[in-house]
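Listing of structure.txt; format and content: compact mmCIF, C-alpha atoms.
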# COMPACT_ATOMS: atom_id res chain seq x y z
CA MET A 97 0.00 0.00 0.00
CA PRO A 98 1.49 3.35 -0.96
CA ARG A 99 2.70 5.40 1.96
CA SER A 100 0.41 8.33 1.05
CA VAL A 101 -2.70 6.11 1.24
CA THR A 102 -1.62 4.73 4.61
CA LEU A 103 -1.05 8.25 5.88
CA ALA A 104 -4.46 9.39 4.60
CA LEU A 105 -6.24 6.44 6.24
CA THR A 106 -4.46 7.07 9.53
CA MET A 107 -5.46 10.73 9.44
CA LEU A 108 -9.06 9.76 8.69
CA ILE A 109 -9.18 7.33 11.62
CA LEU A 110 -7.69 9.92 14.00
CA LEU A 111 -10.13 12.59 12.79
CA THR A 112 -13.13 10.28 13.23
CA ALA A 113 -11.99 9.28 16.70
CA GLY A 114 -11.52 12.94 17.60
CA LEU A 115 -15.01 13.84 16.43
CA ALA A 116 -16.48 10.89 18.32
CA ALA A 117 -14.63 11.97 21.45
CA GLN A 118 -16.04 15.48 21.08
CA GLU A 119 -19.55 14.12 20.75
CA HIS A 120 -19.25 11.69 23.66
CA PRO A 121 -16.49 13.05 25.85
CA SER A 122 -15.05 10.55 28.30
CA LEU A 123 -15.86 10.67 31.98
CA SER A 124 -12.35 11.94 32.72
CA ALA A 125 -12.72 14.76 30.22
CA ARG A 126 -16.03 15.84 31.68
CA LEU A 127 -14.96 15.60 35.31
CA GLY A 128 -11.65 17.38 34.84
CA ARG A 129 -8.27 16.15 36.05
CA GLU A 130 -8.54 17.48 39.60
CA THR A 131 -12.06 16.18 40.29
CA GLU A 132 -11.28 12.80 38.81
CA ALA A 133 -8.16 12.48 40.94
CA LEU A 134 -10.15 13.23 44.06
CA LEU A 135 -12.91 10.81 43.08
CA ARG A 136 -10.84 7.91 41.83
CA PRO A 137 -10.34 6.23 45.26
CA VAL A 138 -14.06 6.55 46.04
CA LEU A 139 -15.05 5.05 42.67
CA ASP A 140 -12.50 2.23 42.88
CA SER A 141 -13.60 1.31 46.37
CA ALA A 142 -17.25 1.33 45.29
CA ALA A 143 -16.47 -0.94 42.34
CA HIS A 144 -14.60 -3.29 44.65
CA ASP A 145 -17.66 -3.50 46.95
CA GLY A 146 -19.99 -4.28 44.06
CA LEU A 147 -21.83 -0.94 44.23
CA PRO A 148 -23.43 0.61 41.15
CA VAL A 149 -20.55 2.88 40.12
CA GLY A 150 -22.67 4.43 37.37
CA ALA A 151 -24.84 6.16 39.97
CA LEU A 152 -21.73 7.67 41.58
CA GLU A 153 -20.34 8.84 38.25
CA SER A 154 -23.72 10.38 37.44
CA LYS A 155 -23.73 12.28 40.74
CA ALA A 156 -20.20 13.53 40.02
CA LEU A 157 -21.21 14.72 36.55
CA GLU A 158 -24.22 16.44 38.09
CA GLY A 159 -21.92 18.31 40.46
CA VAL A 160 -19.66 19.38 37.59
CA ALA A 161 -22.64 20.55 35.50
CA LYS A 162 -23.92 22.56 38.46
CA GLY A 163 -20.53 24.19 38.84
CA ARG A 164 -19.70 22.79 42.29
CA PRO A 165 -16.06 22.71 43.46
CA PRO A 166 -14.17 19.35 43.36
CA ASP A 167 -14.02 19.01 47.15
CA GLU A 168 -17.76 19.35 47.50
CA ILE A 169 -18.34 16.87 44.67
CA ARG A 170 -16.12 14.35 46.40
CA THR A 171 -18.00 14.81 49.69
CA VAL A 172 -21.40 14.34 48.04
CA VAL A 173 -20.27 11.31 46.02
CA ARG A 174 -18.70 9.71 49.08
CA ARG A 175 -21.90 10.23 51.05
CA LEU A 176 -23.88 8.64 48.23
CA ALA A 177 -21.46 5.69 48.16
CA ASP A 178 -22.01 5.19 51.89
CA ARG A 179 -25.76 5.17 51.38
CA LEU A 180 -25.49 2.71 48.50
CA ARG A 181 -23.27 0.50 50.65
CA GLN A 182 -25.86 0.59 53.45
CA ALA A 183 -28.70 -0.20 51.01
CA ARG A 184 -26.77 -3.07 49.50
CA ALA A 185 -26.07 -4.52 52.94
CA ILE A 186 -29.74 -4.29 53.93
CA LEU A 187 -30.89 -6.00 50.75
CA THR A 188 -28.24 -8.72 50.89
CA ASP A 189 -28.87 -9.45 54.57
CA ALA A 190 -32.61 -9.73 53.94
CA GLU A 191 -32.23 -12.28 51.14
CA PRO A 192 -28.62 -13.55 51.01
CA ASP A 193 -29.29 -16.03 48.21
CA THR A 194 -30.97 -13.61 45.82
CA PRO A 195 -28.78 -11.34 43.71
CA VAL A 196 -29.41 -7.61 44.03
CA ALA A 197 -29.81 -5.53 40.85
CA PRO A 198 -27.80 -2.27 40.76
CA ARG A 199 -30.94 -0.19 40.16
CA GLU A 200 -32.57 -1.77 43.23
CA ILE A 201 -29.62 -0.64 45.32
CA VAL A 202 -29.98 2.90 43.97
CA THR A 203 -33.71 3.25 44.63
CA ALA A 204 -33.41 1.56 48.03
CA SER A 205 -30.75 4.12 48.96
CA GLU A 206 -33.04 6.93 47.79
CA ALA A 207 -35.85 5.45 49.89
CA LEU A 208 -33.51 5.53 52.91
CA GLU A 209 -32.80 9.17 52.13
CA SER A 210 -36.55 9.82 52.02
CA GLY A 211 -36.98 8.47 55.54
CA VAL A 212 -37.88 4.84 54.94
CA SER A 213 -36.45 2.68 57.71
CA PRO A 214 -33.95 -0.11 56.95
CA GLY A 215 -36.45 -2.55 58.51
CA ASP A 216 -39.18 -1.62 56.05
CA ILE A 217 -36.82 -2.00 53.09
CA ALA A 218 -35.68 -5.41 54.34
CA ARG A 219 -39.23 -6.61 54.91
CA LEU A 220 -40.35 -5.53 51.46
CA ARG A 221 -37.43 -7.42 49.95
CA ARG A 222 -38.10 -10.56 51.99
CA ASN A 223 -41.80 -10.65 51.15
CA ALA A 224 -41.45 -10.02 47.43
CA PRO A 225 -42.12 -12.95 45.08
CA ALA A 226 -39.02 -14.45 43.48
CA LYS A 227 -37.59 -12.69 40.41
CA THR A 228 -39.55 -9.51 41.08
CA SER A 229 -37.69 -6.27 40.41
CA LEU A 230 -38.04 -3.93 43.35
CA GLU A 231 -36.57 -0.84 41.68
CA ILE A 232 -39.97 0.84 41.19
CA PRO A 233 -41.54 -0.46 44.46
CA PHE A 234 -38.63 0.97 46.51
CA ALA A 235 -38.99 4.28 44.69
CA VAL A 236 -42.75 4.38 45.30
CA LEU A 237 -42.21 3.47 48.96
CA GLY A 238 -39.86 6.45 49.28
CA GLU A 239 -42.36 8.73 47.52
CA LEU A 240 -45.17 7.71 49.90
CA VAL A 241 -43.06 8.29 53.00
CA ARG A 242 -41.85 11.61 51.63
CA ARG A 243 -45.51 12.62 51.30
CA GLY A 244 -46.12 11.92 54.98
CA VAL A 245 -47.38 8.35 55.07
CA PRO A 246 -45.93 6.50 58.10
CA GLY A 247 -43.27 4.01 57.00
CA SER A 248 -45.04 0.88 58.21
CA GLN A 249 -48.29 1.78 56.44
CA ALA A 250 -46.50 2.72 53.23
CA ARG A 251 -44.61 -0.56 53.36
CA ASP A 252 -47.83 -2.56 53.92
CA VAL A 253 -49.38 -0.93 50.86
CA VAL A 254 -46.39 -1.44 48.56
CA ALA A 255 -45.70 -4.96 49.84
CA GLY A 256 -49.35 -5.88 49.26
CA LEU A 257 -49.22 -4.60 45.69
CA VAL A 258 -45.95 -6.43 44.97
CA GLN A 259 -47.28 -9.68 46.43
CA SER A 260 -50.45 -9.33 44.39
CA LYS A 261 -48.23 -8.87 41.32
CA VAL A 262 -49.87 -5.56 40.41
CA PRO A 263 -48.06 -4.29 37.27
CA GLU A 264 -45.44 -1.60 37.83
CA GLU A 265 -47.14 0.81 35.46
CA ARG A 266 -50.05 0.91 37.91
CA ILE A 267 -47.96 1.11 41.07
CA VAL A 268 -45.99 3.99 39.64
CA GLY A 269 -49.12 6.15 39.31
CA ILE A 270 -50.01 6.04 43.02
CA PRO A 271 -47.97 9.06 44.26
CA ALA A 272 -49.40 11.37 41.58
CA ARG A 273 -52.91 10.17 42.30
CA MET A 274 -52.30 10.69 46.00
CA ASP A 275 -51.17 14.27 45.32
CA VAL A 276 -54.65 15.09 44.06
CA GLY A 277 -56.10 14.19 47.47
CA ILE A 278 -53.36 16.04 49.35
CA ARG A 279 -53.94 19.17 47.29
CA GLY A 280 -57.62 18.82 48.14
CA GLY A 281 -56.69 18.97 51.84
CA ALA A 282 -56.78 15.26 52.74
CA PRO A 283 -54.24 13.93 55.27
CA PRO A 284 -51.57 11.72 53.63
CA VAL A 285 -52.93 8.35 54.74
CA GLN A 286 -56.46 9.24 53.72
CA ALA A 287 -55.19 10.56 50.38
CA LEU A 288 -53.34 7.29 49.84
CA GLY A 289 -56.43 5.24 50.69
CA ARG A 290 -58.51 7.27 48.25
CA ALA A 291 -55.85 6.92 45.56
CA LEU A 292 -55.77 3.12 45.94
CA GLN A 293 -59.53 2.90 45.94
CA GLY A 294 -59.81 5.22 42.93
CA MET A 295 -57.31 3.13 40.99
CA GLY A 296 -59.09 -0.09 41.87
CA LEU A 297 -56.07 -1.35 43.82
CA PRO A 298 -56.26 -3.41 47.01
CA VAL A 299 -56.36 -1.44 50.27
CA PRO A 300 -54.74 -3.31 53.20
CA PRO A 301 -57.26 -4.38 55.87
CA SER A 302 -55.41 -2.43 58.58
CA PHE A 303 -55.81 0.74 56.55
CA PRO A 304 -58.32 3.43 57.55
CA HIS A 305 -61.36 3.29 55.34
CA PRO A 306 -61.12 6.05 52.72
CA GLY A 307 -64.66 7.21 53.44
CA ASN A 308 -64.04 7.52 57.15
CA PRO A 309 -61.61 10.30 58.02
CA GLY A 310 -62.03 9.59 61.72
CA LYS A 311 -60.04 6.37 61.58
CA GLY A 312 -56.27 6.39 61.67
CA ASN A 313 -54.11 9.39 62.45
CA GLY A 314 -53.33 10.11 58.81
CA ARG A 315 -50.91 12.90 59.59
CA GLY A 316 -47.73 11.12 60.59
CA ARG A 317 -44.55 12.28 58.93
CA GLY A 318 -43.27 8.76 58.53
CA ARG A 319 -39.57 9.48 59.03
CA GLY A 320 -38.14 6.51 60.77
CA GLY A 321 -41.59 5.01 61.10
CA GLY A 322 -42.26 1.31 60.96
CA GLY A 323 -39.76 -1.41 61.57
CA ARG A 324 -39.33 -5.06 61.31
CA MET B 298 -111.04 59.18 -13.04
CA LYS B 299 -113.58 62.02 -13.26
CA PRO B 300 -112.27 65.53 -12.38
CA GLU B 301 -114.60 65.83 -9.31
CA HIS B 302 -113.39 62.43 -8.00
CA GLU B 303 -109.80 63.52 -8.51
CA ARG B 304 -110.46 66.66 -6.39
CA LEU B 305 -112.10 64.49 -3.73
CA SER B 306 -109.10 62.17 -3.71
CA GLN B 307 -106.73 65.17 -3.39
CA TYR B 308 -108.75 66.44 -0.43
CA LEU B 309 -108.75 63.06 1.31
CA ASN B 310 -104.98 62.87 0.77
CA GLY B 311 -104.58 66.29 2.40
CA GLU B 312 -103.44 67.91 -0.81
CA LEU B 313 -106.47 70.22 -1.19
CA PRO B 314 -108.24 72.43 1.40
CA ARG B 315 -111.91 71.73 2.10
CA GLU B 316 -112.94 75.22 0.85
CA LYS B 317 -111.87 74.26 -2.68
CA LEU B 318 -114.55 71.54 -2.83
CA SER B 319 -118.07 72.10 -4.01
CA PRO B 320 -120.85 71.60 -1.37
CA GLU B 321 -121.75 68.26 -3.03
CA LEU B 322 -118.18 67.02 -2.84
CA GLN B 323 -117.86 68.25 0.78
CA ALA B 324 -120.97 66.18 1.65
CA GLU B 325 -119.53 63.18 -0.13
CA ALA B 326 -116.16 63.61 1.67
CA ASP B 327 -117.93 63.80 5.04
CA GLY B 328 -119.60 60.50 4.18
CA PHE B 329 -116.18 58.92 3.69
CA LEU B 330 -114.67 60.38 6.89
CA ARG B 331 -117.61 59.79 9.24
CA PRO B 332 -116.74 56.17 10.23
CA PHE B 333 -113.17 57.20 11.09
CA GLU B 334 -114.37 60.09 13.25
CA GLU B 335 -116.79 57.78 15.04
CA ALA B 336 -114.05 55.20 15.63
CA LYS B 337 -111.86 57.90 17.15
CA ARG B 338 -114.57 58.91 19.56
CA GLU B 339 -115.46 55.43 20.67
CA ARG B 340 -113.04 53.49 22.98
CA ILE B 341 -112.58 50.06 21.41
CA THR B 342 -111.37 47.38 23.83
CA ALA B 343 -110.61 43.71 23.29
CA PRO B 344 -113.07 41.27 24.85
CA PRO B 345 -111.75 39.79 28.15
CA TRP B 346 -111.43 36.25 26.76
CA LEU B 347 -109.22 37.27 23.82
CA GLY B 348 -105.82 37.56 25.66
CA SER B 349 -105.99 34.17 27.36
CA ALA B 350 -107.23 32.52 24.14
CA VAL B 351 -104.30 33.94 22.15
CA MET B 352 -101.77 32.88 24.83
CA ARG B 353 -103.26 29.38 24.90
CA ARG B 354 -102.68 29.09 21.19
CA VAL B 355 -99.13 30.45 21.50
CA ARG B 356 -98.24 28.01 24.26
CA ALA B 357 -99.78 25.14 22.35
CA ALA B 358 -97.59 25.88 19.31
CA PRO B 359 -94.82 23.25 18.90
CA ARG B 360 -91.40 24.48 20.18
CA SER B 361 -88.09 22.53 20.33
CA ARG B 362 -86.55 21.69 23.72
CA TRP B 363 -83.33 23.50 22.87
CA ARG B 364 -85.28 26.61 21.92
CA GLY B 365 -86.94 26.45 25.34
CA VAL B 366 -83.59 26.10 27.11
CA LEU B 367 -82.16 28.94 25.07
CA ASP B 368 -85.14 31.16 25.89
CA TRP B 369 -84.75 30.36 29.58
CA LEU B 370 -81.03 31.15 29.45
CA VAL B 371 -81.40 34.51 27.71
CA THR B 372 -84.40 35.70 29.66
CA PRO B 373 -83.30 38.05 32.49
CA LYS B 374 -84.18 36.82 35.95
CA VAL B 375 -84.04 38.35 39.37
CA VAL B 376 -82.03 36.20 41.80
CA ARG B 377 -82.33 37.17 45.42
CA LEU B 378 -79.51 36.15 47.76
CA THR B 379 -78.65 37.10 51.29
CA PRO B 380 -75.13 38.55 51.61
CA VAL B 381 -74.06 35.45 53.57
CA THR B 382 -75.27 33.13 50.80
CA ALA B 383 -73.55 35.27 48.17
CA VAL B 384 -70.25 35.09 50.07
CA LEU B 385 -70.60 31.30 50.45
CA VAL B 386 -71.36 30.86 46.73
CA LEU B 387 -68.35 33.01 45.81
CA ALA B 388 -66.06 31.08 48.19
CA ALA B 389 -67.27 27.74 46.80
CA GLY B 390 -66.59 28.96 43.26
CA ILE B 391 -63.07 30.11 44.13
CA THR B 392 -62.32 26.82 45.94
CA LEU B 393 -63.62 24.71 43.06
CA GLY B 394 -61.66 26.78 40.54
CA THR B 395 -58.47 26.44 42.58
CA VAL B 396 -58.87 22.67 42.94
CA MET B 397 -59.56 22.23 39.22
CA TRP B 398 -56.58 24.41 38.32
CA ARG B 399 -54.31 22.43 40.59
CA ARG B 400 -55.58 19.17 39.21
CA ALA B 401 -54.79 20.38 35.73
CA ALA B 402 -51.26 21.47 36.63
CA PRO B 403 -48.94 19.87 34.10
CA GLY B 404 -46.25 17.40 35.18
CA PRO B 405 -44.12 14.96 33.23
CA GLU B 406 -46.48 13.04 31.03
CA ILE B 407 -45.61 9.42 30.36
CA ALA B 408 -47.05 7.81 27.30
CA THR B 409 -47.95 4.17 27.27
CA GLU B 410 -46.21 3.25 24.06
CA MET B 411 -42.69 1.95 24.02
CA GLN B 412 -40.18 1.77 21.18
CA ASP B 413 -36.77 0.13 21.34
CA GLY B 414 -37.26 -0.44 25.07
CA ARG B 415 -37.76 3.29 25.72
CA VAL B 416 -40.88 5.04 26.92
CA THR B 417 -42.06 8.30 25.40
CA THR B 418 -42.12 11.05 28.04
CA ARG B 419 -43.27 14.66 27.63
CA PHE B 420 -41.64 17.36 29.74
CA VAL B 421 -43.41 20.68 30.20
CA PHE B 422 -42.08 23.81 31.92
CA VAL B 423 -43.62 27.26 32.30
CA ALA B 424 -41.14 30.10 31.77
CA PRO B 425 -42.65 33.04 29.86
CA GLU B 426 -39.54 35.21 30.26
CA ALA B 427 -36.95 32.57 29.35
CA SER B 428 -35.08 32.63 26.07
CA SER B 429 -34.09 28.95 26.35
CA VAL B 430 -35.08 25.97 28.48
CA ALA B 431 -33.43 22.53 28.53
CA VAL B 432 -34.14 19.40 30.52
CA THR B 433 -31.14 17.51 31.83
CA GLY B 434 -30.69 14.58 34.15
CA ASP B 435 -29.13 11.20 34.64
CA PHE B 436 -30.55 10.12 31.26
CA VAL B 437 -28.19 12.53 29.43
CA GLY B 438 -25.25 12.34 31.86
CA TRP B 439 -26.31 15.67 33.40
CA ARG B 440 -25.09 17.64 30.38
CA ARG B 441 -25.79 21.30 31.03
CA ASP B 442 -27.15 21.79 27.51
CA GLY B 443 -29.32 18.70 27.99
CA ILE B 444 -32.32 18.30 25.72
CA PRO B 445 -33.73 21.64 24.56
CA LEU B 446 -37.42 22.31 25.07
CA GLU B 447 -39.36 24.11 22.35
CA ARG B 448 -41.44 27.15 23.07
CA ASP B 449 -45.17 26.57 22.61
CA PRO B 450 -46.21 28.74 19.65
CA ASN B 451 -49.43 29.80 21.41
CA GLY B 452 -47.45 32.31 23.48
CA ASN B 453 -48.58 30.89 26.83
CA GLY B 454 -45.06 30.62 28.23
CA LEU B 455 -45.00 26.82 27.97
CA TRP B 456 -41.87 24.96 26.90
CA VAL B 457 -42.20 21.35 25.79
CA ALA B 458 -39.88 18.44 24.93
CA VAL B 459 -40.69 14.84 24.09
CA VAL B 460 -37.96 12.43 25.22
CA ARG B 461 -37.70 8.66 25.04
CA LEU B 462 -36.44 7.27 28.34
CA GLN B 463 -35.43 3.91 29.66
CA PRO B 464 -37.92 2.54 32.21
CA GLY B 465 -36.80 3.12 35.79
CA VAL B 466 -36.33 5.97 38.22
CA HIS B 467 -34.76 9.15 36.86
CA GLN B 468 -33.62 12.41 38.41
CA TYR B 469 -33.75 15.58 36.36
CA ALA B 470 -33.89 19.37 36.41
CA PHE B 471 -34.56 22.22 34.01
CA VAL B 472 -31.83 24.68 32.97
CA ILE B 473 -33.16 28.13 32.19
CA ASP B 474 -31.17 30.34 29.82
CA GLY B 475 -28.19 28.01 30.24
CA THR B 476 -27.47 29.10 33.82
CA GLU B 477 -30.38 28.77 36.21
CA TRP B 478 -31.22 25.29 37.54
CA ARG B 479 -34.78 24.64 38.60
CA PRO B 480 -36.65 21.49 39.64
CA ASP B 481 -39.97 20.62 38.05
CA PRO B 482 -42.59 22.28 40.27
CA ASN B 483 -45.11 19.61 39.32
CA ALA B 484 -43.01 16.55 40.12
CA SER B 485 -41.70 14.99 43.28
CA GLN B 486 -38.42 16.51 44.48
CA LEU B 487 -35.33 15.17 46.21
CA ASP B 488 -32.30 16.89 47.78
CA ASP B 489 -29.45 16.71 45.27
CA GLY B 490 -26.73 16.81 47.95
CA PHE B 491 -25.46 20.12 46.56
CA GLY B 492 -28.04 22.29 48.32
CA GLN B 493 -30.56 22.20 45.50
CA LYS B 494 -33.44 19.96 44.49
CA ASN B 495 -33.79 17.44 41.70
CA SER B 496 -37.09 16.19 40.36
CA VAL B 497 -37.87 12.49 40.41
CA LEU B 498 -39.53 10.69 37.54
CA LEU B 499 -40.73 7.11 37.72
CA VAL B 500 -40.96 5.58 34.27
CA PRO B 501 -42.73 2.22 34.29
CA PRO B 502 -41.99 -0.38 31.65
CA ALA B 503 -44.85 0.30 29.23
CA ARG B 504 -46.52 -2.58 27.48
CA SER B 505 -45.29 -2.68 23.89

Structure encoded using structure tokens:
Amino acid sequence: MPRSVTLALTMLILLTAGLAAQEHPSLSARLGRETEALLRPVLDSAAHDGLPVGALESKALEGVAKGRPPDEIRTVVRRLADRLRQARAILTDAEPDTPVAPREIVTASEALESGVSPGDIARLRRNAPAKTSLEIPFAVLGELVRRGVPGSQARDVVAGLVQSKVPEERIVGIPARMDVGIRGGAPPVQALGRALQGMGLPVPPSFPHPGNPGKGNGRGRGRGGGGR
Amino acid sequence: MKPEHERLSQYLNGELPREKLSPELQAEADGFLRPFEEAKRERITAPPWLGSAVMRRVRAAPRSRWRGVLDWLVTPKVVRLTPVTAVLVLAAGITLGTVMWRRAAPGPEIATEMQDGRVTTRFVFVAPEASSVAVTGDFVGWRRDGIPLERDPNGNGLWVAVVRLQPGVHQYAFVIDGTEWRPDPNASQLDDGFGQKNSVLLVPPARS
């Protein structure tokens, strides 16, 4: 092959690679040298522990996009790694023989952040039918608690739906439906009961009847509520 | 027409004074005008049964239901309310309007169709003064330029983008004019760890 053709092909390959790199810059390029150096031990340790490193990288990129200094990004990412580690331990301890999906770890950690107790997360995991993804149920559990439903009642509702194998696309609509009741002035538990009833979903027997506001306190904040 | 009849006609039309008529024509003209003079003097009234008979016929005439509703709607009516009732009616109207407005508040809209494993999602943000709005989040690696929203051409300050997302839980925010970060006011929010809020979006796996 003539030398000029080889040179032209090499130039073409380098140019294409350069353009591709511009379009999808690497993590290092987006984080910057200093931030990446600070984060590298945190990311390596997380990978070693089997944590979803993608969630940590995403949080770091978020910090960069929001213009936060490298030190602060490292602090936030490390805190998130600790929460993921805690969530992973809770899920693994609850069902040691069942593998945990990375997305389940992420949403379980967000549920912890929302005020769901470790006990409620563990119980939901233990009571779920085999091969059921809990990514959405953990997220919905966190949403309910964040809206003021006591942890144990939120867990009973979500666990009941998971055990009944209610499709995720129905479970996912509960918080928004509940918001309608809350905006109408209903206490959180009553709003949840109405949402379930309105969506034709099962309401746990222990739950206050939606038509009877006198039953149940309905106004608990839910942080730390519930337990094993 | 004979000349004397023409003069009579001119008189009756007010075009000729009475003095210009001969005594015979004056007598003839009086004969024409007498019944009118008598009618003016007498008071003619309708018999008492006539009004109710006419109204009975009017009411009996066929009329469509919609015409009746329309007549009722456009006929002015006097409504008497006590001040307390008026205040209560006004308060109920304001409350109902507020509830309906809140119910209609737009949030991320998730379509039920799925293509290539992704679910169509519609983001809406209200920013009448903004010159650009983008949505960014974990689904685009938190790029600041994110996915640009398009301004609604109706001039209502709405910005809209349709994005296809993987099912799962996503965090996102809007970037206004390339600098200002804002969560979605109509979605659930979560502390981002950096002192701000992210919005949370749950995308279920739609049935294909």

TODO: Please report as a VMD selection string which residues of chain B come no farther than 6 Å from chain A, using all atoms listed in the file.
DONE: chain B and resid 439 441 490 501

TODO: Find the distance between atom CA of B:Ser496 and atom CA of A:Arg219 and write it in Å to one decimal.
DONE: 27.1 Å

Enclosing box along x, y and z for every listed atom of stretch 477-486 of chain B, padded 6 Å each side, centre and size in Å, one decimal, as AutoDock Vina command-line options:
--center_x -37.7 --center_y 21.9 --center_z 40.3 --size_x 26.7 --size_y 25.8 --size_z 20.3

Take the point (-44.5, 23.5, 33.7) as written in the file and pick out every residue within 12 Å of it, counting only C-alpha atoms; give the list as a PDB file with C-alpha atoms, keeping the file's coordinate frame.
ATOM      1  CA  ALA B 401     -54.790  20.380  35.730  1.00  0.00           C
ATOM      2  CA  ALA B 402     -51.260  21.470  36.630  1.00  0.00           C
ATOM      3  CA  PRO B 403     -48.940  19.870  34.100  1.00  0.00           C
ATOM      4  CA  GLY B 404     -46.250  17.400  35.180  1.00  0.00           C
ATOM      5  CA  PRO B 405     -44.120  14.960  33.230  1.00  0.00           C
ATOM      6  CA  GLU B 406     -46.480  13.040  31.030  1.00  0.00           C
ATOM      7  CA  ARG B 419     -43.270  14.660  27.630  1.00  0.00           C
ATOM      8  CA  PHE B 420     -41.640  17.360  29.740  1.00  0.00           C
ATOM      9  CA  VAL B 421     -43.410  20.680  30.200  1.00  0.00           C
ATOM     10  CA  PHE B 422     -42.080  23.810  31.920  1.00  0.00           C
ATOM     11  CA  VAL B 423     -43.620  27.260  32.300  1.00  0.00           C
ATOM     12  CA  ALA B 424     -41.140  30.100  31.770  1.00  0.00           C
ATOM     13  CA  PRO B 425     -42.650  33.040  29.860  1.00  0.00           C
ATOM     14  CA  VAL B 430     -35.080  25.970  28.480  1.00  0.00           C
ATOM     15  CA  VAL B 432     -34.140  19.400  30.520  1.00  0.00           C
ATOM     16  CA  LEU B 446     -37.420  22.310  25.070  1.00  0.00           C
ATOM     17  CA  ARG B 448     -41.440  27.150  23.070  1.00  0.00           C
ATOM     18  CA  ASP B 449     -45.170  26.570  22.610  1.00  0.00           C
ATOM     19  CA  ASN B 453     -48.580  30.890  26.830  1.00  0.00           C
ATOM     20  CA  GLY B 454     -45.060  30.620  28.230  1.00  0.00           C
ATOM     21  CA  LEU B 455     -45.000  26.820  27.970  1.00  0.00           C
ATOM     22  CA  TRP B 456     -41.870  24.960  26.900  1.00  0.00           C
ATOM     23  CA  VAL B 457     -42.200  21.350  25.790  1.00  0.00           C
ATOM     24  CA  ALA B 458     -39.880  18.440  24.930  1.00  0.00           C
ATOM     25  CA  ALA B 470     -33.890  19.370  36.410  1.00  0.00           C
ATOM     26  CA  PHE B 471     -34.560  22.220  34.010  1.00  0.00           C
ATOM     27  CA  ARG B 479     -34.780  24.640  38.600  1.00  0.00           C
ATOM     28  CA  PRO B 480     -36.650  21.490  39.640  1.00  0.00           C
ATOM     29  CA  ASP B 481     -39.970  20.620  38.050  1.00  0.00           C
ATOM     30  CA  PRO B 482     -42.590  22.280  40.270  1.00  0.00           C
ATOM     31  CA  ASN B 483     -45.110  19.610  39.320  1.00  0.00           C
ATOM     32  CA  ALA B 484     -43.010  16.550  40.120  1.00  0.00           C
TER      33      ALA B 484
END

- [ ] Work out how far apart atom CA of B:Leu462 and atom CA of B:Arg415 are and give it in Å to one decimal.
- [x] 4.9 Å
